[in-house]
file work24.pdb (PDB, C-alpha atoms)
ATOM      1  CA  MET A   1     124.387  26.678  42.585
ATOM      2  CA  ASP A   2     121.495  27.751  40.326
ATOM      3  CA  GLY A   3     121.010  24.151  39.170
ATOM      4  CA  ILE A   4     120.656  22.955  42.767
ATOM      5  CA  LYS A   5     118.096  25.707  43.574
ATOM      6  CA  LYS A   6     116.073  24.872  40.452
ATOM      7  CA  SER A   7     116.224  21.181  41.300
ATOM      8  CA  ARG A   8     115.024  21.849  44.848
ATOM      9  CA  LYS A   9     112.249  24.128  43.610
ATOM     10  CA  THR A  10     111.149  21.526  41.078
ATOM     11  CA  GLY A  11     111.204  18.846  43.774
ATOM     12  CA  LEU A  12     109.066  21.000  46.068
ATOM     13  CA  TRP A  13     106.573  21.658  43.266
ATOM     14  CA  ILE A  14     106.360  17.962  42.478
ATOM     15  CA  ALA A  15     105.831  17.128  46.163
ATOM     16  CA  ALA A  16     103.151  19.830  46.475
ATOM     17  CA  LEU A  17     101.414  18.596  43.340
ATOM     18  CA  ALA A  18     101.501  14.990  44.592
ATOM     19  CA  ALA A  19     100.042  16.077  47.942
ATOM     20  CA  PHE A  20      97.301  18.024  46.150
ATOM     21  CA  VAL A  21      96.424  15.063  43.920
ATOM     22  CA  ALA A  22      96.349  12.696  46.929
ATOM     23  CA  ALA A  23      94.062  15.100  48.807
ATOM     24  CA  ALA A  24      91.772  15.478  45.785
ATOM     25  CA  VAL A  25      91.495  11.698  45.393
ATOM     26  CA  THR A  26      90.704  11.324  49.115
ATOM     27  CA  VAL A  27      88.046  14.064  48.966
ATOM     28  CA  ALA A  28      86.521  12.509  45.825
ATOM     29  CA  ALA A  29      86.378   9.052  47.445
ATOM     30  CA  PHE A  30      84.801  10.542  50.591
ATOM     31  CA  SER A  31      82.284  12.501  48.486
ATOM     32  CA  VAL A  32      81.212   9.400  46.585
ATOM     33  CA  ARG A  33      80.759   7.432  49.831
ATOM     34  CA  PHE A  34      78.852  10.352  51.343
ATOM     35  CA  LEU A  35      76.609  10.784  48.287
ATOM     36  CA  TYR A  36      76.077   7.040  47.795
ATOM     37  CA  PRO A  37      76.100   5.306  51.209
ATOM     38  CA  GLN A  38      76.754   1.577  51.491
ATOM     39  CA  LYS A  39      74.876   0.898  54.755
ATOM     40  CA  TYR A  40      73.007  -2.355  55.518
ATOM     41  CA  LYS A  41      75.290  -4.374  53.237
ATOM     42  CA  THR A  42      74.434  -7.798  54.694
ATOM     43  CA  GLU A  43      70.687  -7.202  54.708
ATOM     44  CA  ILE A  44      70.597  -5.769  51.190
ATOM     45  CA  THR A  45      72.837  -8.473  49.726
ATOM     46  CA  GLU A  46      70.858 -11.342  51.265
ATOM     47  CA  VAL A  47      67.430  -9.943  50.416
ATOM     48  CA  CYS A  48      68.399  -8.995  46.855
ATOM     49  CA  GLN A  49      69.730 -12.497  46.246
ATOM     50  CA  ALA A  50      66.512 -13.993  47.609
ATOM     51  CA  TYR A  51      64.271 -11.882  45.319
ATOM     52  CA  GLY A  52      66.522 -11.534  42.276
ATOM     53  CA  VAL A  53      66.660  -7.742  42.370
ATOM     54  CA  PRO A  54      69.956  -5.941  41.695
ATOM     55  CA  GLU A  55      71.548  -4.473  44.822
ATOM     56  CA  SER A  56      72.274  -1.263  42.924
ATOM     57  CA  LEU A  57      68.542  -0.788  42.305
ATOM     58  CA  VAL A  58      67.534  -1.415  45.923
ATOM     59  CA  ARG A  59      70.281   0.935  47.143
ATOM     60  CA  ALA A  60      69.075   3.582  44.679
ATOM     61  CA  VAL A  61      65.479   3.257  45.908
ATOM     62  CA  ILE A  62      66.603   3.508  49.553
ATOM     63  CA  LYS A  63      68.790   6.551  48.828
ATOM     64  CA  THR A  64      65.982   8.279  46.930
ATOM     65  CA  GLU A  65      63.197   7.336  49.329
ATOM     66  CA  SER A  66      64.772   7.873  52.759
ATOM     67  CA  SER A  67      68.461   8.770  52.407
ATOM     68  CA  TYR A  68      69.131   5.609  54.460
ATOM     69  CA  ARG A  69      67.106   6.762  57.487
ATOM     70  CA  ALA A  70      65.382   3.701  58.942
ATOM     71  CA  SER A  71      62.975   5.822  61.010
ATOM     72  CA  ALA A  72      61.852   8.037  58.105
ATOM     73  CA  VAL A  73      58.105   8.656  57.805
ATOM     74  CA  SER A  74      56.695  10.690  54.902
ATOM     75  CA  GLY A  75      53.822  13.138  55.088
ATOM     76  CA  ALA A  76      51.710  10.563  53.225
ATOM     77  CA  GLY A  77      52.511   7.921  55.868
ATOM     78  CA  ALA A  78      55.173   5.874  54.050
ATOM     79  CA  VAL A  79      57.577   4.283  56.542
ATOM     80  CA  GLY A  80      61.214   3.225  56.775
ATOM     81  CA  LEU A  81      64.188   2.873  54.474
ATOM     82  CA  MET A  82      62.160   1.962  51.388
ATOM     83  CA  GLN A  83      59.195   4.188  52.343
ATOM     84  CA  LEU A  84      56.420   1.623  52.242
ATOM     85  CA  MET A  85      52.810   2.578  52.745
ATOM     86  CA  PRO A  86      51.342   0.414  55.540
ATOM     87  CA  GLN A  87      48.725  -1.111  53.208
ATOM     88  CA  THR A  88      51.359  -2.036  50.603
ATOM     89  CA  ALA A  89      53.524  -3.522  53.363
ATOM     90  CA  LYS A  90      50.561  -5.552  54.634
ATOM     91  CA  GLU A  91      49.693  -6.890  51.166
ATOM     92  CA  THR A  92      53.340  -7.759  50.495
ATOM     93  CA  ALA A  93      53.738  -9.446  53.879
ATOM     94  CA  MET A  94      50.643 -11.557  53.176
ATOM     95  CA  ARG A  95      52.054 -12.564  49.766
ATOM     96  CA  LEU A  96      55.255 -13.597  51.569
ATOM     97  CA  GLY A  97      53.298 -15.538  54.188
ATOM     98  CA  ASP A  98      54.646 -13.516  57.128
ATOM     99  CA  ALA A  99      52.061 -11.042  58.408
ATOM    100  CA  THR A 100      54.366  -9.959  61.263
ATOM    101  CA  LEU A 101      56.776  -8.247  58.847
ATOM    102  CA  CYS A 102      54.431  -5.309  58.302
ATOM    103  CA  GLU A 103      54.533  -4.572  62.045
ATOM    104  CA  LYS A 104      58.305  -3.928  61.839
ATOM    105  CA  LEU A 105      58.531  -1.276  59.122
ATOM    106  CA  THR A 106      61.188   0.771  60.928
ATOM    107  CA  GLU A 107      63.441  -2.291  61.314
ATOM    108  CA  PRO A 108      65.927  -2.300  58.424
ATOM    109  CA  ARG A 109      65.762  -6.017  57.549
ATOM    110  CA  ALA A 110      61.946  -6.141  57.575
ATOM    111  CA  ASN A 111      61.643  -2.941  55.549
ATOM    112  CA  ILE A 112      64.272  -4.030  53.016
ATOM    113  CA  THR A 113      62.578  -7.421  52.713
ATOM    114  CA  LEU A 114      59.126  -5.961  52.117
ATOM    115  CA  GLY A 115      60.348  -3.174  49.840
ATOM    116  CA  THR A 116      62.497  -5.499  47.741
ATOM    117  CA  ALA A 117      59.728  -8.111  47.501
ATOM    118  CA  HIS A 118      57.297  -5.403  46.377
ATOM    119  CA  LEU A 119      59.818  -4.080  43.856
ATOM    120  CA  ALA A 120      60.425  -7.624  42.544
ATOM    121  CA  TYR A 121      56.645  -8.048  42.141
ATOM    122  CA  LEU A 122      56.457  -4.821  40.113
ATOM    123  CA  LEU A 123      59.518  -5.704  38.019
ATOM    124  CA  ARG A 124      57.904  -9.012  37.033
ATOM    125  CA  LYS A 125      54.891  -7.093  35.686
ATOM    126  CA  TYR A 126      56.425  -3.948  34.173
ATOM    127  CA  GLU A 127      59.570  -2.624  32.579
ATOM    128  CA  LEU A 128      61.937  -0.794  34.936
ATOM    129  CA  SER A 129      60.669   2.795  34.567
ATOM    130  CA  ASP A 130      57.043   1.734  34.936
ATOM    131  CA  ALA A 131      57.898  -0.460  37.931
ATOM    132  CA  LEU A 132      59.566   2.526  39.606
ATOM    133  CA  ALA A 133      56.604   4.777  38.753
ATOM    134  CA  ALA A 134      54.254   2.194  40.310
ATOM    135  CA  TYR A 135      56.508   1.948  43.381
ATOM    136  CA  ASN A 136      56.314   5.719  43.791
ATOM    137  CA  ALA A 137      52.747   6.582  42.790
ATOM    138  CA  GLY A 138      51.030   3.248  43.316
ATOM    139  CA  GLU A 139      50.217   0.508  40.866
ATOM    140  CA  GLY A 140      46.630   1.750  40.538
ATOM    141  CA  ASN A 141      47.829   5.110  39.220
ATOM    142  CA  LEU A 142      50.181   3.449  36.739
ATOM    143  CA  LEU A 143      47.366   1.231  35.430
ATOM    144  CA  LYS A 144      45.054   4.244  35.133
ATOM    145  CA  TRP A 145      47.683   6.221  33.193
ATOM    146  CA  LYS A 146      48.271   3.304  30.843
ATOM    147  CA  ALA A 147      44.508   2.831  30.311
ATOM    148  CA  GLU A 148      44.238   6.533  29.452
ATOM    149  CA  GLY A 149      47.072   6.143  26.934
ATOM    150  CA  LYS A 150      49.390   8.529  28.765
ATOM    151  CA  THR A 151      52.906   8.546  27.317
ATOM    152  CA  GLU A 152      54.333  10.504  30.250
ATOM    153  CA  TYR A 153      53.693  10.075  33.974
ATOM    154  CA  PRO A 154      51.240  12.881  34.880
ATOM    155  CA  PHE A 155      52.784  13.476  38.333
ATOM    156  CA  LYS A 156      55.963  15.589  38.160
ATOM    157  CA  GLU A 157      57.033  13.984  41.441
ATOM    158  CA  THR A 158      56.860  10.552  39.798
ATOM    159  CA  ARG A 159      58.781  11.678  36.693
ATOM    160  CA  ASP A 160      61.481  13.194  38.921
ATOM    161  CA  TYR A 161      61.519  10.120  41.175
ATOM    162  CA  VAL A 162      62.086   7.699  38.294
ATOM    163  CA  GLN A 163      64.972   9.813  36.977
ATOM    164  CA  LYS A 164      66.573  10.132  40.439
ATOM    165  CA  VAL A 165      66.400   6.389  41.062
ATOM    166  CA  LEU A 166      67.813   5.560  37.626
ATOM    167  CA  ARG A 167      70.662   8.057  38.117
ATOM    168  CA  ALA A 168      71.462   6.670  41.582
ATOM    169  CA  GLU A 169      71.241   3.090  40.286
ATOM    170  CA  ARG A 170      73.883   3.843  37.627
ATOM    171  CA  ALA A 171      76.148   5.352  40.297
ATOM    172  CA  TYR A 172      75.725   2.364  42.623
ATOM    173  CA  ARG A 173      76.374  -0.029  39.729
ATOM    174  CA  ARG A 174      79.639   1.807  38.908
ATOM    175  CA  LEU A 175      80.639   1.753  42.586
ATOM    176  CA  SER A 176      79.999  -1.985  42.851
ATOM    177  CA  ARG A 177      82.338  -2.598  39.893
ATOM    178  CA  ARG A 178      85.128  -0.722  41.711
ATOM    179  CA  ALA A 179      84.719  -2.654  44.971
TER     180      ALA A 179
END

call {"tool": "encode", "arguments": {"input": "work24.pdb", "output": "structure tokens"}}
result
Amino acid sequence: MDGIKKSRKTGLWIAALAAFVAAAVTVAAFSVRFLYPQKYKTEITEVCQAYGVPESLVRAVIKTESSYRASAVSGAGAVGLMQLMPQTAKETAMRLGDATLCEKLTEPRANITLGTAHLAYLLRKYELSDALAAYNAGEGNLLKWKAEGKTEYPFKETRDYVQKVLRAERAYRRLSRRA
């Protein structure tokens, strides 16, 4: 009789452990999806292919800039998912030959197109960290810092921004390998 009780107890412990592990895996998967959203898949994929920018990088910029809120507007006046300043959006739209894009900054596809095109422009000119610093603080600031021989971005916000985007980009790259 003792052997049967021990066997039952062991079986219950194994079942409880399996249920706990399954719940932990489910919570972890939910947490990752919550922390690193995968919204606007079609728009991001198509635009990234058109401009040759990694999806993981665009997703990281969107997460860092707006947390995927298409209607986001910063205190400085940056608009939409990729938080574009109206003047930057206008210049980018002109480079793309579609001035109407800058009038649609809260529309996901237009914002992703302009933001990704601007990011591609910066990536062609600078290495990744500097491109992100220029995206955040403006290309004029980056050029000024370089001319002054700065070895660190003077704005703490910009230093933090670059690190956040790079961290999120690594996470999105890992997630894309699992998909």

call {"tool": "closest_residue", "arguments": {"input": "work24.pdb", "among": "A:Ala117, A:Ala171, A:Ala78, A:Ile44", "to": "Glu91 (chain A)", "atoms": "all atoms listed in the file"}}
result
A:Ala117

call {"tool": "resolve_selection", "arguments": {"input": "work24.pdb", "expression": "the PyMOL selection byres ((chain A and resi 155) around 12)", "output": "list in words"}}
result
Ala133, Ala134, Asn136, Ala137, Gly138, Asn141, Leu142, Trp145, Lys150, Glu152, Tyr153, Pro154, Lys156, Glu157, Thr158, Arg159, Asp160, Tyr161 and Val162 of chain A

call {"tool": "closest_residue", "arguments": {"input": "work24.pdb", "among": "A:Gln163, A:Thr116, A:Thr42, A:Ser129", "to": "Ile62 (chain A)", "atoms": "all atoms listed in the file"}}
result
A:Thr116

call {"tool": "resolve_selection", "arguments": {"input": "work24.pdb", "expression": "the PyMOL selection byres ((chain A and resi 51-61) around 7)", "output": "tab-separated table (two decimals) with C-alpha atoms, keeping the file's coordinate frame"}}
result
chain	number	residue	atom	x	y	z
A	44	ILE	CA	70.60	-5.77	51.19
A	45	THR	CA	72.84	-8.47	49.73
A	47	VAL	CA	67.43	-9.94	50.42
A	48	CYS	CA	68.40	-8.99	46.86
A	49	GLN	CA	69.73	-12.50	46.25
A	50	ALA	CA	66.51	-13.99	47.61
A	62	ILE	CA	66.60	3.51	49.55
A	63	LYS	CA	68.79	6.55	48.83
A	64	THR	CA	65.98	8.28	46.93
A	65	GLU	CA	63.20	7.34	49.33
A	82	MET	CA	62.16	1.96	51.39
A	116	THR	CA	62.50	-5.50	47.74
A	117	ALA	CA	59.73	-8.11	47.50
A	120	ALA	CA	60.42	-7.62	42.54
A	165	VAL	CA	66.40	6.39	41.06
A	168	ALA	CA	71.46	6.67	41.58
A	169	GLU	CA	71.24	3.09	40.29
A	172	TYR	CA	75.72	2.36	42.62
A	173	ARG	CA	76.37	-0.03	39.73

call {"tool": "atom_distance", "arguments": {"input": "work24.pdb", "atom1": "CA of Tyr126 (chain A)", "atom2": "CA of Gly97 (chain A)"}}
result
23.3 Å

call {"tool": "atom_distance", "arguments": {"input": "work24.pdb", "atom1": "CA of Glu139 (chain A)", "atom2": "CA of Thr88 (chain A)"}}
result
10.1 Å

call {"tool": "closest_residue", "arguments": {"input": "work24.pdb", "among": "A:Leu101, A:Ile14, A:Leu84, A:Leu96", "to": "Ser71 (chain A)", "atoms": "all atoms listed in the file"}}
result
A:Leu84

call {"tool": "resolve_selection", "arguments": {"input": "work24.pdb", "expression": "the PyMOL selection byres ((chain A and resi 79) around 12)", "output": "number ranges by chain"}}
result
A: 62, 65-66, 68-78, 80-89, 102-108, 110-112, 114-115

call {"tool": "atom_distance", "arguments": {"input": "work24.pdb", "atom1": "CA of Tyr135 (chain A)", "atom2": "CA of Leu175 (chain A)"}}
result
24.1 Å

call {"tool": "build_atoms", "arguments": {"input": "work24.pdb", "residues": "region 78-96 of chain A", "atoms": "N, CA, C and O atoms", "output": "mmCIF file, keeping the file's coordinate frame"}}
result
data_model
loop_
_atom_site.group_PDB
_atom_site.id
_atom_site.type_symbol
_atom_site.label_atom_id
_atom_site.label_comp_id
_atom_site.auth_asym_id
_atom_site.auth_seq_id
_atom_site.Cartn_x
_atom_site.Cartn_y
_atom_site.Cartn_z
ATOM 1 N N ALA A 78 54.236 6.930 54.436
ATOM 2 C CA ALA A 78 55.173 5.874 54.050
ATOM 3 C C ALA A 78 56.269 5.774 55.114
ATOM 4 O O ALA A 78 56.689 6.780 55.687
ATOM 5 N N VAL A 79 56.715 4.535 55.390
ATOM 6 C CA VAL A 79 57.577 4.283 56.542
ATOM 7 C C VAL A 79 58.869 3.568 56.150
ATOM 8 O O VAL A 79 58.859 2.669 55.312
ATOM 9 N N GLY A 80 59.961 3.969 56.821
ATOM 10 C CA GLY A 80 61.214 3.225 56.775
ATOM 11 C C GLY A 80 62.113 3.513 55.590
ATOM 12 O O GLY A 80 61.890 4.427 54.813
ATOM 13 N N LEU A 81 63.157 2.706 55.490
ATOM 14 C CA LEU A 81 64.188 2.873 54.474
ATOM 15 C C LEU A 81 63.626 2.939 53.061
ATOM 16 O O LEU A 81 64.030 3.779 52.262
ATOM 17 N N MET A 82 62.704 2.037 52.744
ATOM 18 C CA MET A 82 62.160 1.962 51.388
ATOM 19 C C MET A 82 60.797 2.636 51.273
ATOM 20 O O MET A 82 60.113 2.507 50.261
ATOM 21 N N GLN A 83 60.407 3.373 52.324
ATOM 22 C CA GLN A 83 59.195 4.188 52.343
ATOM 23 C C GLN A 83 57.961 3.436 51.842
ATOM 24 O O GLN A 83 57.360 3.778 50.823
ATOM 25 N N LEU A 84 57.599 2.429 52.579
ATOM 26 C CA LEU A 84 56.420 1.623 52.242
ATOM 27 C C LEU A 84 55.178 2.176 52.918
ATOM 28 O O LEU A 84 55.194 2.505 54.109
ATOM 29 N N MET A 85 54.102 2.239 52.155
ATOM 30 C CA MET A 85 52.810 2.578 52.745
ATOM 31 C C MET A 85 52.359 1.362 53.545
ATOM 32 O O MET A 85 52.577 0.218 53.113
ATOM 33 N N PRO A 86 51.759 1.553 54.711
ATOM 34 C CA PRO A 86 51.342 0.414 55.540
ATOM 35 C C PRO A 86 50.491 -0.619 54.793
ATOM 36 O O PRO A 86 50.677 -1.824 54.977
ATOM 37 N N GLN A 87 49.575 -0.168 53.937
ATOM 38 C CA GLN A 87 48.725 -1.111 53.208
ATOM 39 C C GLN A 87 49.544 -1.949 52.212
ATOM 40 O O GLN A 87 49.348 -3.152 52.094
ATOM 41 N N THR A 88 50.484 -1.310 51.533
ATOM 42 C CA THR A 88 51.359 -2.036 50.603
ATOM 43 C C THR A 88 52.201 -3.045 51.375
ATOM 44 O O THR A 88 52.374 -4.188 50.933
ATOM 45 N N ALA A 89 52.716 -2.623 52.530
ATOM 46 C CA ALA A 89 53.524 -3.522 53.363
ATOM 47 C C ALA A 89 52.689 -4.721 53.803
ATOM 48 O O ALA A 89 53.163 -5.868 53.765
ATOM 49 N N LYS A 90 51.448 -4.466 54.183
ATOM 50 C CA LYS A 90 50.561 -5.552 54.634
ATOM 51 C C LYS A 90 50.283 -6.538 53.500
ATOM 52 O O LYS A 90 50.381 -7.764 53.689
ATOM 53 N N GLU A 91 49.956 -6.023 52.322
ATOM 54 C CA GLU A 91 49.693 -6.890 51.166
ATOM 55 C C GLU A 91 50.929 -7.713 50.797
ATOM 56 O O GLU A 91 50.822 -8.908 50.502
ATOM 57 N N THR A 92 52.093 -7.065 50.830
ATOM 58 C CA THR A 92 53.340 -7.759 50.495
ATOM 59 C C THR A 92 53.664 -8.819 51.538
ATOM 60 O O THR A 92 54.046 -9.941 51.193
ATOM 61 N N ALA A 93 53.485 -8.476 52.802
ATOM 62 C CA ALA A 93 53.738 -9.446 53.879
ATOM 63 C C ALA A 93 52.824 -10.660 53.740
ATOM 64 O O ALA A 93 53.263 -11.805 53.941
ATOM 65 N N MET A 94 51.580 -10.435 53.372
ATOM 66 C CA MET A 94 50.643 -11.557 53.176
ATOM 67 C C MET A 94 51.100 -12.429 52.006
ATOM 68 O O MET A 94 51.040 -13.658 52.097
ATOM 69 N N ARG A 95 51.547 -11.797 50.913
ATOM 70 C CA ARG A 95 52.054 -12.564 49.766
ATOM 71 C C ARG A 95 53.253 -13.412 50.168
ATOM 72 O O ARG A 95 53.461 -14.500 49.653
ATOM 73 N N LEU A 96 54.068 -12.873 51.104
ATOM 74 C CA LEU A 96 55.255 -13.597 51.569
ATOM 75 C C LEU A 96 54.920 -14.637 52.635
ATOM 76 O O LEU A 96 55.775 -15.442 52.999
#
